[in-house]
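Enquirer: start_35.txt is the file, holding compact mmCIF, C-alpha atoms:
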# COMPACT_ATOMS: atom_id res chain seq x y z
CA MET A 1 -17.26 37.54 13.94
CA ILE A 2 -17.47 35.55 17.13
CA GLU A 3 -16.50 32.00 17.90
CA PHE A 4 -18.88 29.74 19.80
CA HIS A 5 -17.83 27.27 22.45
CA LEU A 6 -19.79 24.65 24.34
CA ASP A 7 -19.95 23.60 27.94
CA PRO A 8 -21.33 20.06 27.73
CA GLY A 9 -21.59 19.69 31.50
CA SER A 10 -23.64 22.84 32.04
CA GLY A 11 -27.03 21.19 31.56
CA VAL A 12 -28.02 24.15 29.37
CA ALA A 13 -29.43 23.13 25.97
CA THR A 14 -26.90 23.60 23.18
CA TYR A 15 -29.03 26.06 21.17
CA LEU A 16 -29.54 28.12 24.31
CA GLN A 17 -25.79 28.26 24.91
CA LEU A 18 -25.38 29.72 21.41
CA VAL A 19 -28.18 32.25 22.01
CA GLN A 20 -26.66 33.29 25.33
CA GLN A 21 -23.22 33.72 23.78
CA VAL A 22 -24.58 36.05 21.10
CA ARG A 23 -26.52 38.06 23.69
CA GLN A 24 -23.44 38.29 25.89
CA ALA A 25 -21.31 39.42 22.93
CA LEU A 26 -23.91 42.12 22.17
CA ARG A 27 -23.91 43.31 25.75
CA LEU A 28 -20.12 43.47 25.81
CA GLY A 29 -19.96 45.25 22.46
CA LEU A 30 -18.11 42.36 20.78
CA LEU A 31 -20.91 42.25 18.21
CA GLU A 32 -22.46 45.32 16.63
CA PRO A 33 -25.20 45.90 14.05
CA GLY A 34 -23.91 44.93 10.61
CA ASP A 35 -21.67 42.15 11.90
CA ARG A 36 -22.16 38.72 10.39
CA LEU A 37 -22.64 35.62 12.53
CA PRO A 38 -20.75 32.47 11.54
CA THR A 39 -22.72 30.36 9.05
CA ALA A 40 -24.40 27.20 10.27
CA GLN A 41 -21.84 25.22 8.32
CA GLN A 42 -18.94 27.01 10.03
CA VAL A 43 -20.40 26.45 13.50
CA VAL A 44 -21.14 22.83 12.70
CA ALA A 45 -17.65 22.21 11.34
CA ALA A 46 -16.08 23.73 14.45
CA LEU A 47 -18.24 22.17 17.16
CA ALA A 48 -19.52 18.93 15.57
CA ILE A 49 -23.10 19.78 16.49
CA ASN A 50 -26.36 19.31 14.62
CA PRO A 51 -26.98 22.11 12.08
CA ASN A 52 -30.64 22.29 13.17
CA THR A 53 -29.38 23.37 16.59
CA VAL A 54 -27.58 26.36 15.08
CA LEU A 55 -30.58 27.27 12.91
CA LYS A 56 -32.86 27.07 15.93
CA ALA A 57 -30.59 29.41 17.89
CA TYR A 58 -30.50 31.89 14.99
CA ARG A 59 -34.30 31.71 14.61
CA ASP A 60 -34.67 32.52 18.31
CA LEU A 61 -32.34 35.50 17.95
CA GLU A 62 -34.25 36.63 14.87
CA ARG A 63 -37.55 36.43 16.75
CA GLU A 64 -36.04 38.69 19.40
CA GLY A 65 -35.14 41.16 16.66
CA LEU A 66 -31.42 40.86 17.32
CA VAL A 67 -30.33 39.32 14.01
CA ARG A 68 -31.73 38.94 10.52
CA ALA A 69 -31.06 36.20 7.98
CA ARG A 70 -30.37 37.43 4.43
CA PRO A 71 -30.77 34.51 2.07
CA GLY A 72 -27.52 33.66 0.36
CA LEU A 73 -25.56 36.21 2.37
CA GLY A 74 -25.70 35.04 5.96
CA THR A 75 -27.12 36.09 9.28
CA PHE A 76 -26.43 39.66 10.36
CA VAL A 77 -26.73 41.52 13.63
CA VAL A 78 -29.45 44.18 13.42
CA GLY A 79 -30.35 44.82 17.05
CA THR A 80 -28.53 45.96 20.12
CA LEU A 81 -28.78 45.09 23.76
CA PRO A 82 -28.22 47.67 26.43
CA ARG A 83 -24.75 47.45 27.86
CA THR A 84 -25.05 46.17 31.39
CA ASP A 85 -25.46 49.27 33.53
CA PRO A 86 -22.92 49.14 36.38
CA THR A 87 -25.03 51.38 38.64
CA ALA A 88 -28.08 49.14 38.29
CA GLN A 89 -25.95 46.09 38.90
CA ALA A 90 -24.50 47.60 42.05
CA LYS A 91 -27.98 48.54 43.28
CA PHE A 92 -29.34 45.00 42.91
CA ARG A 93 -26.25 43.55 44.47
CA ARG A 94 -26.68 45.78 47.49
CA SER A 95 -30.33 44.83 47.97
CA MET A 96 -29.47 41.16 47.50
CA ALA A 97 -26.70 41.45 50.08
CA SER A 98 -29.06 42.96 52.63
CA TRP A 99 -31.64 40.23 51.91
CA LEU A 100 -28.96 37.60 52.43
CA ARG A 101 -27.94 39.13 55.77
CA THR A 102 -31.59 39.07 56.93
CA ALA A 103 -31.93 35.44 55.88
CA ARG A 104 -28.71 34.46 57.64
CA ASP A 105 -29.71 36.32 60.80
CA ALA A 106 -33.02 34.40 60.71
CA GLY A 107 -30.93 31.21 60.97
CA LEU A 108 -30.99 29.99 57.37
CA GLY A 109 -27.91 28.19 56.10
CA GLN A 110 -26.19 28.57 52.76
CA ASP A 111 -27.83 25.44 51.30
CA GLU A 112 -31.30 26.55 52.32
CA ILE A 113 -30.77 29.97 50.83
CA GLU A 114 -29.57 28.41 47.59
CA ALA A 115 -32.65 26.17 47.48
CA ILE A 116 -34.91 29.21 47.95
CA TYR A 117 -33.01 31.08 45.25
CA ARG A 118 -33.33 28.19 42.77
CA THR A 119 -37.07 27.78 43.38
CA ALA A 120 -37.68 31.54 43.10
CA MET A 121 -35.66 31.71 39.87
CA ARG A 122 -37.67 28.85 38.44
CA ASP A 123 -40.96 30.51 39.42
CA ALA A 124 -39.95 33.88 38.01
CA PHE A 125 -38.55 32.65 34.70
CA GLU A 126 -40.70 29.64 33.86
CA ARG A 127 -43.87 31.67 34.36
CA GLY A 128 -42.26 34.58 32.51
CA ASP A 129 -41.53 32.32 29.53
CA GLU A 130 -45.12 31.13 29.45
CA GLY A 131 -46.27 34.73 29.22
CA VAL A 132 -44.05 35.35 26.20
CA ALA A 133 -44.89 32.12 24.34
CA MET B 1 -43.68 15.84 6.22
CA THR B 2 -42.64 12.45 4.89
CA ASN B 3 -40.85 9.87 6.94
CA ALA B 4 -37.40 8.70 5.94
CA LEU B 5 -37.84 5.40 7.72
CA GLU B 6 -41.02 3.77 8.90
CA THR B 7 -41.59 0.36 10.43
CA VAL B 8 -44.95 -1.13 11.35
CA ALA B 9 -44.99 -4.03 13.82
CA VAL B 10 -41.79 -5.29 12.27
CA GLY B 11 -40.20 -8.47 13.58
CA LYS B 12 -37.07 -10.41 12.70
CA ARG B 13 -36.52 -13.93 13.94
CA TYR B 14 -33.26 -15.84 14.01
CA GLY B 15 -34.23 -19.45 14.75
CA ARG B 16 -36.31 -19.24 17.91
CA ARG B 17 -35.05 -15.85 19.01
CA TRP B 18 -36.76 -12.62 17.94
CA ALA B 19 -34.06 -9.97 17.40
CA LEU B 20 -36.81 -7.43 16.72
CA ASN B 21 -40.37 -7.92 17.83
CA ASP B 22 -43.45 -5.81 17.11
CA CYS B 23 -41.27 -2.77 16.52
CA THR B 24 -43.15 0.30 15.25
CA LEU B 25 -41.37 3.59 14.70
CA SER B 26 -41.07 6.45 12.27
CA VAL B 27 -38.12 8.70 11.60
CA PRO B 28 -38.96 12.09 10.09
CA ALA B 29 -36.92 13.21 7.08
CA GLY B 30 -34.19 15.79 7.59
CA ARG B 31 -33.29 14.72 11.11
CA VAL B 32 -30.17 13.25 12.67
CA VAL B 33 -31.39 10.25 14.59
CA GLY B 34 -29.52 8.53 17.40
CA LEU B 35 -30.26 4.83 17.69
CA VAL B 36 -29.30 3.54 21.12
CA GLY B 37 -29.82 0.44 23.21
CA PRO B 38 -27.83 -2.29 24.95
CA ASN B 39 -25.92 -4.88 22.93
CA GLY B 40 -28.35 -7.31 21.37
CA ALA B 41 -31.22 -4.81 21.45
CA GLY B 42 -31.74 -5.11 17.70
CA LYS B 43 -29.99 -1.96 16.43
CA THR B 44 -27.94 -3.66 13.74
CA THR B 45 -30.89 -5.84 12.73
CA LEU B 46 -33.06 -2.74 12.30
CA LEU B 47 -30.41 -1.04 10.14
CA HIS B 48 -29.95 -4.17 8.02
CA LEU B 49 -33.72 -4.38 7.49
CA ALA B 50 -33.73 -0.74 6.39
CA VAL B 51 -30.95 -1.29 3.87
CA GLY B 52 -32.58 -4.47 2.57
CA LEU B 53 -29.76 -6.78 3.65
CA LEU B 54 -32.38 -8.65 5.69
CA GLN B 55 -36.03 -9.37 5.07
CA PRO B 56 -38.50 -8.97 7.96
CA SER B 57 -40.14 -12.09 9.43
CA ALA B 58 -43.23 -10.04 10.31
CA GLY B 59 -44.57 -6.53 9.72
CA SER B 60 -43.32 -4.04 7.17
CA VAL B 61 -40.46 -1.60 6.60
CA GLU B 62 -40.56 1.45 4.36
CA VAL B 63 -37.55 3.57 3.51
CA LEU B 64 -38.10 6.88 1.69
CA GLY B 65 -41.57 5.63 0.79
CA GLU B 66 -40.35 2.35 -0.75
CA ARG B 67 -39.77 -1.20 0.36
CA PRO B 68 -36.01 -1.65 0.91
CA GLY B 69 -34.15 -3.82 -1.58
CA SER B 70 -36.80 -3.20 -4.23
CA GLY B 71 -34.20 -2.30 -6.86
CA PRO B 72 -31.13 -0.27 -7.77
CA GLU B 73 -33.07 3.03 -7.63
CA ALA B 74 -33.97 2.41 -4.00
CA LEU B 75 -30.35 1.51 -3.20
CA ALA B 76 -29.01 4.65 -4.87
CA ARG B 77 -31.06 6.77 -2.48
CA MET B 78 -29.40 5.45 0.67
CA GLY B 79 -25.89 5.14 2.02
CA PHE B 80 -24.91 2.53 4.57
CA LEU B 81 -21.82 2.28 6.70
CA ALA B 82 -21.52 -1.12 8.36
CA GLN B 83 -19.85 -1.61 11.73
CA ASP B 84 -16.08 -0.95 11.78
CA SER B 85 -16.20 0.97 8.45
CA PRO B 86 -15.06 -1.87 6.20
CA ALA B 87 -12.85 -1.09 3.20
CA TYR B 88 -11.03 -3.25 0.64
CA ALA B 89 -7.61 -3.64 2.25
CA ARG B 90 -5.69 -4.21 -1.01
CA LEU B 91 -7.31 -1.38 -2.97
CA THR B 92 -5.85 2.11 -2.84
CA VAL B 93 -7.82 5.21 -1.85
CA ALA B 94 -7.99 6.22 -5.54
CA GLN B 95 -9.30 2.79 -6.53
CA HIS B 96 -12.03 3.07 -3.90
CA LEU B 97 -13.16 6.34 -5.43
CA GLN B 98 -13.01 4.82 -8.92
CA MET B 99 -15.14 1.91 -7.81
CA GLY B 100 -17.61 4.33 -6.21
CA ALA B 101 -17.89 6.14 -9.53
CA TRP B 102 -18.55 2.88 -11.43
CA LEU B 103 -21.12 1.53 -9.01
CA ASN B 104 -23.20 4.59 -8.19
CA PRO B 105 -25.43 6.41 -10.70
CA ARG B 106 -25.46 9.67 -8.73
CA TRP B 107 -21.74 9.66 -7.83
CA ASP B 108 -20.32 13.09 -6.93
CA GLY B 109 -16.67 12.66 -7.93
CA GLU B 110 -15.78 16.27 -7.25
CA PHE B 111 -16.97 16.04 -3.65
CA ALA B 112 -15.12 12.74 -3.11
CA ALA B 113 -11.83 14.06 -4.50
CA GLN B 114 -12.12 17.30 -2.50
CA ARG B 115 -12.94 15.45 0.69
CA VAL B 116 -10.00 13.07 0.32
CA ALA B 117 -7.70 16.04 -0.30
CA ASP B 118 -9.10 17.91 2.74
CA LEU B 119 -8.50 14.85 4.88
CA GLY B 120 -4.90 14.69 3.68
CA LEU B 121 -5.23 11.08 2.49
CA ASP B 122 -2.63 9.80 0.05
CA THR B 123 -4.65 8.50 -2.91
CA LYS B 124 -1.97 5.90 -3.70
CA GLN B 125 -2.10 4.37 -0.22
CA ARG B 126 -3.79 0.99 0.20
CA ALA B 127 -6.83 1.05 2.50
CA GLY B 128 -5.33 -1.77 4.60
CA THR B 129 -2.56 0.55 5.80
CA LEU B 130 -4.82 3.48 6.76
CA SER B 131 -5.42 4.26 10.44
CA GLY B 132 -8.84 3.44 11.88
CA GLY B 133 -9.85 7.10 11.76
CA GLN B 134 -8.69 7.51 8.16
CA ARG B 135 -10.51 4.35 7.08
CA ALA B 136 -13.72 5.55 8.77
CA GLN B 137 -13.37 8.91 6.98
CA LEU B 138 -12.79 7.16 3.65
CA ALA B 139 -15.86 4.96 4.16
CA LEU B 140 -17.94 8.01 5.11
CA THR B 141 -16.68 9.86 2.03
CA LEU B 142 -17.77 6.95 -0.19
CA ALA B 143 -21.19 6.73 1.47
CA VAL B 144 -21.76 10.48 1.12
CA ALA B 145 -20.41 10.85 -2.42
CA LYS B 146 -23.14 8.58 -3.73
CA ARG B 147 -25.46 11.45 -2.73
CA PRO B 148 -27.95 9.49 -0.65
CA GLU B 149 -31.11 10.94 0.86
CA LEU B 150 -30.73 8.69 3.87
CA LEU B 151 -27.47 7.75 5.53
CA LEU B 152 -27.45 4.75 7.87
CA LEU B 153 -24.39 4.36 10.10
CA ASP B 154 -23.86 1.37 12.36
CA GLU B 155 -21.64 2.38 15.29
CA PRO B 156 -19.40 4.46 13.05
CA VAL B 157 -17.20 5.88 15.82
CA ALA B 158 -17.06 2.99 18.29
CA SER B 159 -13.47 2.00 17.52
CA LEU B 160 -12.04 5.50 16.99
CA ASP B 161 -9.91 7.55 19.37
CA PRO B 162 -11.51 10.78 20.71
CA LEU B 163 -9.89 13.06 18.13
CA ALA B 164 -10.76 10.83 15.16
CA ARG B 165 -14.28 10.54 16.58
CA ARG B 166 -14.71 14.30 16.77
CA GLU B 167 -13.35 14.75 13.23
CA PHE B 168 -15.68 12.07 11.90
CA LEU B 169 -18.69 13.77 13.49
CA GLN B 170 -17.55 17.18 12.20
CA THR B 171 -17.45 15.79 8.65
CA LEU B 172 -20.85 14.19 9.13
CA MET B 173 -22.43 17.39 10.44
CA GLU B 174 -20.92 19.45 7.61
CA VAL B 175 -22.53 17.05 5.16
CA VAL B 176 -25.88 17.37 6.92
CA ALA B 177 -25.62 21.18 6.86
CA ALA B 178 -24.68 21.25 3.18
CA HIS B 179 -26.99 18.59 1.76
CA GLY B 180 -29.81 18.11 4.27
CA VAL B 181 -29.43 14.34 4.29
CA THR B 182 -31.33 12.32 6.92
CA VAL B 183 -28.98 10.38 9.18
CA VAL B 184 -29.61 7.40 11.45
CA LEU B 185 -26.60 6.43 13.53
CA SER B 186 -26.32 3.83 16.23
CA SER B 187 -23.91 4.40 19.08
CA HIS B 188 -23.23 3.71 22.72
CA LEU B 189 -21.57 7.10 23.15
CA ILE B 190 -24.44 9.21 24.37
CA THR B 191 -22.37 12.36 24.90
CA ASP B 192 -21.55 12.30 21.17
CA LEU B 193 -25.19 11.72 20.31
CA GLU B 194 -26.21 14.64 22.52
CA ARG B 195 -24.20 16.98 20.28
CA VAL B 196 -25.22 15.68 16.90
CA CYS B 197 -28.69 14.13 17.20
CA ASP B 198 -32.00 15.91 17.26
CA TYR B 199 -34.10 12.75 17.35
CA LEU B 200 -33.76 9.69 19.51
CA VAL B 201 -34.80 6.05 19.26
CA VAL B 202 -34.10 3.78 22.22
CA LEU B 203 -34.36 0.10 21.43
CA ASP B 204 -34.44 -2.55 24.08
CA ASN B 205 -34.94 -6.24 23.75
CA GLY B 206 -36.15 -5.89 20.16
CA GLN B 207 -38.72 -3.21 20.94
CA VAL B 208 -38.92 0.58 20.99
CA ALA B 209 -38.50 1.81 24.58
CA LEU B 210 -38.54 5.54 23.76
CA THR B 211 -38.66 7.70 20.66
CA GLY B 212 -39.01 11.41 19.96
CA ASP B 213 -37.46 14.81 19.38
CA VAL B 214 -34.43 15.15 21.69
CA GLU B 215 -35.31 18.63 22.91
CA ASP B 216 -38.94 17.71 23.60
CA LEU B 217 -37.79 14.64 25.49
CA LEU B 218 -35.31 16.60 27.61
CA ALA B 219 -37.84 19.36 28.29
CA SER B 220 -40.59 16.98 29.38
CA HIS B 221 -38.50 14.86 31.74
CA HIS B 222 -37.35 15.97 35.19
CA LEU B 223 -35.49 14.48 38.09
CA LEU B 224 -37.41 15.15 41.32
CA THR B 225 -36.09 14.76 44.83
CA GLY B 226 -38.11 15.44 47.95
CA PRO B 227 -39.77 14.01 51.02
CA ARG B 228 -40.76 10.39 50.66
CA ARG B 229 -44.03 9.75 48.86
CA ASP B 230 -45.73 7.04 46.90
CA SER B 231 -45.41 7.17 43.11
CA ASP B 232 -49.11 6.27 42.84
CA ALA B 233 -49.93 9.57 44.51
CA MET B 234 -48.40 11.68 41.74
CA PRO B 235 -50.68 14.19 40.01
CA SER B 236 -52.20 13.35 36.65
CA GLY B 237 -50.18 14.43 33.64
CA MET B 238 -47.07 13.02 35.27
CA THR B 239 -45.65 9.58 34.50
CA VAL B 240 -43.00 8.05 36.72
CA VAL B 241 -40.25 6.47 34.63
CA GLU B 242 -37.97 5.48 37.45
CA GLU B 243 -38.15 5.82 41.22
CA SER B 244 -36.05 5.07 44.23
CA HIS B 245 -36.89 5.55 47.87
CA VAL B 246 -34.94 5.68 51.08
CA GLU B 247 -36.41 6.08 54.53
CA ARG B 248 -37.52 9.69 54.20
CA GLN B 249 -36.65 10.70 50.67
CA SER B 250 -37.94 9.85 47.22
CA THR B 251 -36.16 10.38 43.92
CA MET B 252 -38.16 10.06 40.73
CA LEU B 253 -37.52 10.58 37.07
CA VAL B 254 -40.83 11.73 35.66
CA ARG B 255 -42.30 12.68 32.33
CA ALA B 256 -44.57 15.70 32.78
CA ASP B 257 -46.84 17.66 30.47
CA GLY B 258 -46.22 21.02 32.14
CA PRO B 259 -43.84 22.68 34.59
CA ILE B 260 -43.43 21.16 38.07
CA LEU B 261 -44.97 23.65 40.48
CA ASP B 262 -45.03 21.62 43.70
CA PRO B 263 -42.46 23.48 45.87
CA THR B 264 -41.59 20.41 47.98
CA TRP B 265 -39.75 18.86 45.03
CA THR B 266 -36.25 19.87 44.09
CA VAL B 267 -36.31 19.78 40.30
CA THR B 268 -33.16 18.95 38.33
CA PRO B 269 -33.08 18.85 34.53
CA VAL B 270 -32.13 15.49 33.05
CA THR B 271 -29.35 14.80 30.61
CA LEU B 272 -29.73 12.54 27.60
CA ASP B 273 -27.57 10.04 29.48
CA ASP B 274 -29.99 9.95 32.46
CA LEU B 275 -32.92 9.56 30.12
CA VAL B 276 -31.53 6.74 28.00
CA LEU B 277 -30.30 4.81 31.04
CA ALA B 278 -33.64 5.19 32.86
CA TYR B 279 -35.62 3.87 29.90
CA MET B 280 -33.17 1.02 29.33
CA ARG B 281 -33.44 0.02 33.00
CA GLN B 282 -37.22 0.30 32.87
CA ALA B 283 -37.37 -1.98 29.82
CA ARG B 284 -35.02 -4.48 31.44
CA ASP B 285 -36.94 -4.51 34.73
CA SER B 286 -40.28 -5.03 33.01
CA SER B 287 -38.88 -7.89 30.94
CA THR B 288 -37.44 -9.58 34.06
CA ALA B 289 -40.77 -9.00 35.82
CA SER B 290 -42.71 -10.62 33.00
CA ARG B 291 -40.27 -13.55 32.96
CA ARG B 292 -40.74 -13.88 36.69
CA SER B 293 -44.53 -13.87 36.42
CA LEU B 294 -44.27 -16.46 33.66
CA ALA B 295 -42.20 -18.64 35.97
CA VAL B 296 -44.85 -18.27 38.67
CA ALA B 297 -47.61 -19.18 36.19
CA GLN B 298 -45.82 -22.36 35.26
Please go through the file and, once you have read it, give me the structure as structure tokens.

Expert:
Amino acid sequence: MIEFHLDPGSGVATYLQLVQQVRQALRLGLLEPGDRLPTAQQVVAALAINPNTVLKAYRDLEREGLVRARPGLGTFVVGTLPRTDPTAQAKFRRSMASWLRTARDAGLGQDEIEAIYRTAMRDAFERGDEGVA
Amino acid sequence: MTNALETVAVGKRYGRRWALNDCTLSVPAGRVVGLVGPNGAGKTTLLHLAVGLLQPSAGSVEVLGERPGSGPEALARMGFLAQDSPAYARLTVAQHLQMGAWLNPRWDGEFAAQRVADLGLDTKQRAGTLSGGQRAQLALTLAVAKRPELLLLDEPVASLDPLARREFLQTLMEVVAAHGVTVVLSSHLITDLERVCDYLVVLDNGQVALTGDVEDLLASHHLLTGPRRDSDAMPSGMTVVEESHVERQSTMLVRADGPILDPTWTVTPVTLDDLVLAYMRQARDSSTASRRSLAVAQ
């Protein structure tokens, strides 16, 4: 069982925070197939959030094939996510570091680089989402 | 899906002043609805019309498919918590529950007793000596134990300390999860509403300034900052809610149908707070503008 927490200042929608916390727990091995997620009522009682928010998060996770709702029993983990591969992480970090050096040598400041990063993230993921939906 | 609350061009006049004017809105069943707006916007009037404590001066109100105040059956289907959670000061907690059982045909005595025990209330204590948070919880327990389909709450947490407020909302959300009751609650505390509400109604000056599903509203509004430009030159499918300009920079809160792809804008997501304030300011500015143009016409 995991316990959810909320970061109200993050600007991330509440249901998405719940989804991300389940994904993170799967990646870290804190949740494994067969484990039960807290019931909507338990989450609601702990966080004082709208039950529809919890159900929406669980529906999203179900659509991804990570959990399955069993009527009357609860919502159970059925899928796994690959543990974050440290080699892959190191590889991307290295290529990002070299990109950052090139950008800095070209005279870009930290703020500009952050603006580029944010725009590129938005392009990559908003378009990606459209493809899925 | 049926609507829990529906008003068509409803108006309520007190003397010469219209507290609500041409107000049309519908609240889908099964939602938790936040009712916000400045003081005097008509929130309490709207709730009183829904309960049947007031009769409209114009238009119509329907609650759960019926006209409010049409009889005891209609009353049994809704629960109402007036401002400041009133209770009978000289009656004990147990006497409140007893009275609830006498007055309500669908009274759930088991729930009420359990709830009072969970809250740690002494049933022999008089309501007048309870703390504000305890009294609010008692009033909520009474409103819920009558097993309503629609629960109307008028600023239920305004006078509570942060802990009591959180506990009140936890109880409320547990009830929603367990019984699927539709809730309409008015409040000035938008951060609370952001947690508990999935539907929003912004009232201003007796009219609806904004209404809709909270997530849809947040997803379709963006805060844009970028090089100065005229709001008239914005692409179609984008409505400017609020704008401010300095010499070389423009900031706009827009409602957009799709994603913002123009790379010259820096796009920031909006919070419910930003959204509510922007629409309240917009409503206020347009009402001052119309007053001004009236003054010119005279």

Enquirer: Measure the distance from atom CA of A:Pro82 to atom CA of A:Asp7 in Å and round it to one decimal.

Expert: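 One can read the atom CA of A:Pro82 to atom CA of A:Asp7 distance as 25.5 Å.
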
Enquirer: Provide as a ChimeraX atom specification the residues of chain B at most 7 Å from chain A, counting only C-alpha atoms.

Expert: /B:166,169-171,173-174,177,195-197,271

Enquirer: Could you dump the residues just selected with C-alpha atoms as an mmCIF file, in the frame of the given file?

Expert:
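What follows is the written file selection_11.cif:
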data_model
loop_
_atom_site.group_PDB
_atom_site.id
_atom_site.type_symbol
_atom_site.label_atom_id
_atom_site.label_comp_id
_atom_site.auth_asym_id
_atom_site.auth_seq_id
_atom_site.Cartn_x
_atom_site.Cartn_y
_atom_site.Cartn_z
ATOM 1 C CA ARG B 166 -14.710 14.300 16.770
ATOM 2 C CA LEU B 169 -18.690 13.770 13.490
ATOM 3 C CA GLN B 170 -17.550 17.180 12.200
ATOM 4 C CA THR B 171 -17.450 15.790 8.650
ATOM 5 C CA MET B 173 -22.430 17.390 10.440
ATOM 6 C CA GLU B 174 -20.920 19.450 7.610
ATOM 7 C CA ALA B 177 -25.620 21.180 6.860
ATOM 8 C CA ARG B 195 -24.200 16.980 20.280
ATOM 9 C CA VAL B 196 -25.220 15.680 16.900
ATOM 10 C CA CYS B 197 -28.690 14.130 17.200
ATOM 11 C CA THR B 271 -29.350 14.800 30.610
#

Enquirer: Identify which of the residues B:Ala29, B:Leu275, B:Ala256, B:Val267 lies closest to B:Glu242, counting only C-alpha atoms when measuring atom-to-atom distances.

Expert: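 Going through B:Ala29, B:Leu275, B:Ala256, B:Val267 one by one, the smallest distance to B:Glu242 is for B:Leu275.
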
Enquirer: Hey, can you check how far atom CA of B:Thr92 sits from atom CA of B:Leu185?

Expert: 26.8 Å

Enquirer: Could you tell me, as a PyMOL selection string, which residues have any atom at most 12 Å from (-9.2, 4.3, -5.6), counting all atoms listed in the file?

Expert: chain B and resi 87-102+109+112-113+116+121-127+138-139+142

Enquirer: Grab the atom CA of B:Thr2 to atom CA of A:Arg68 distance for me, in Å with one decimal place.

Expert: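 Rounded to one decimal, the two atoms are 29.2 Å apart.
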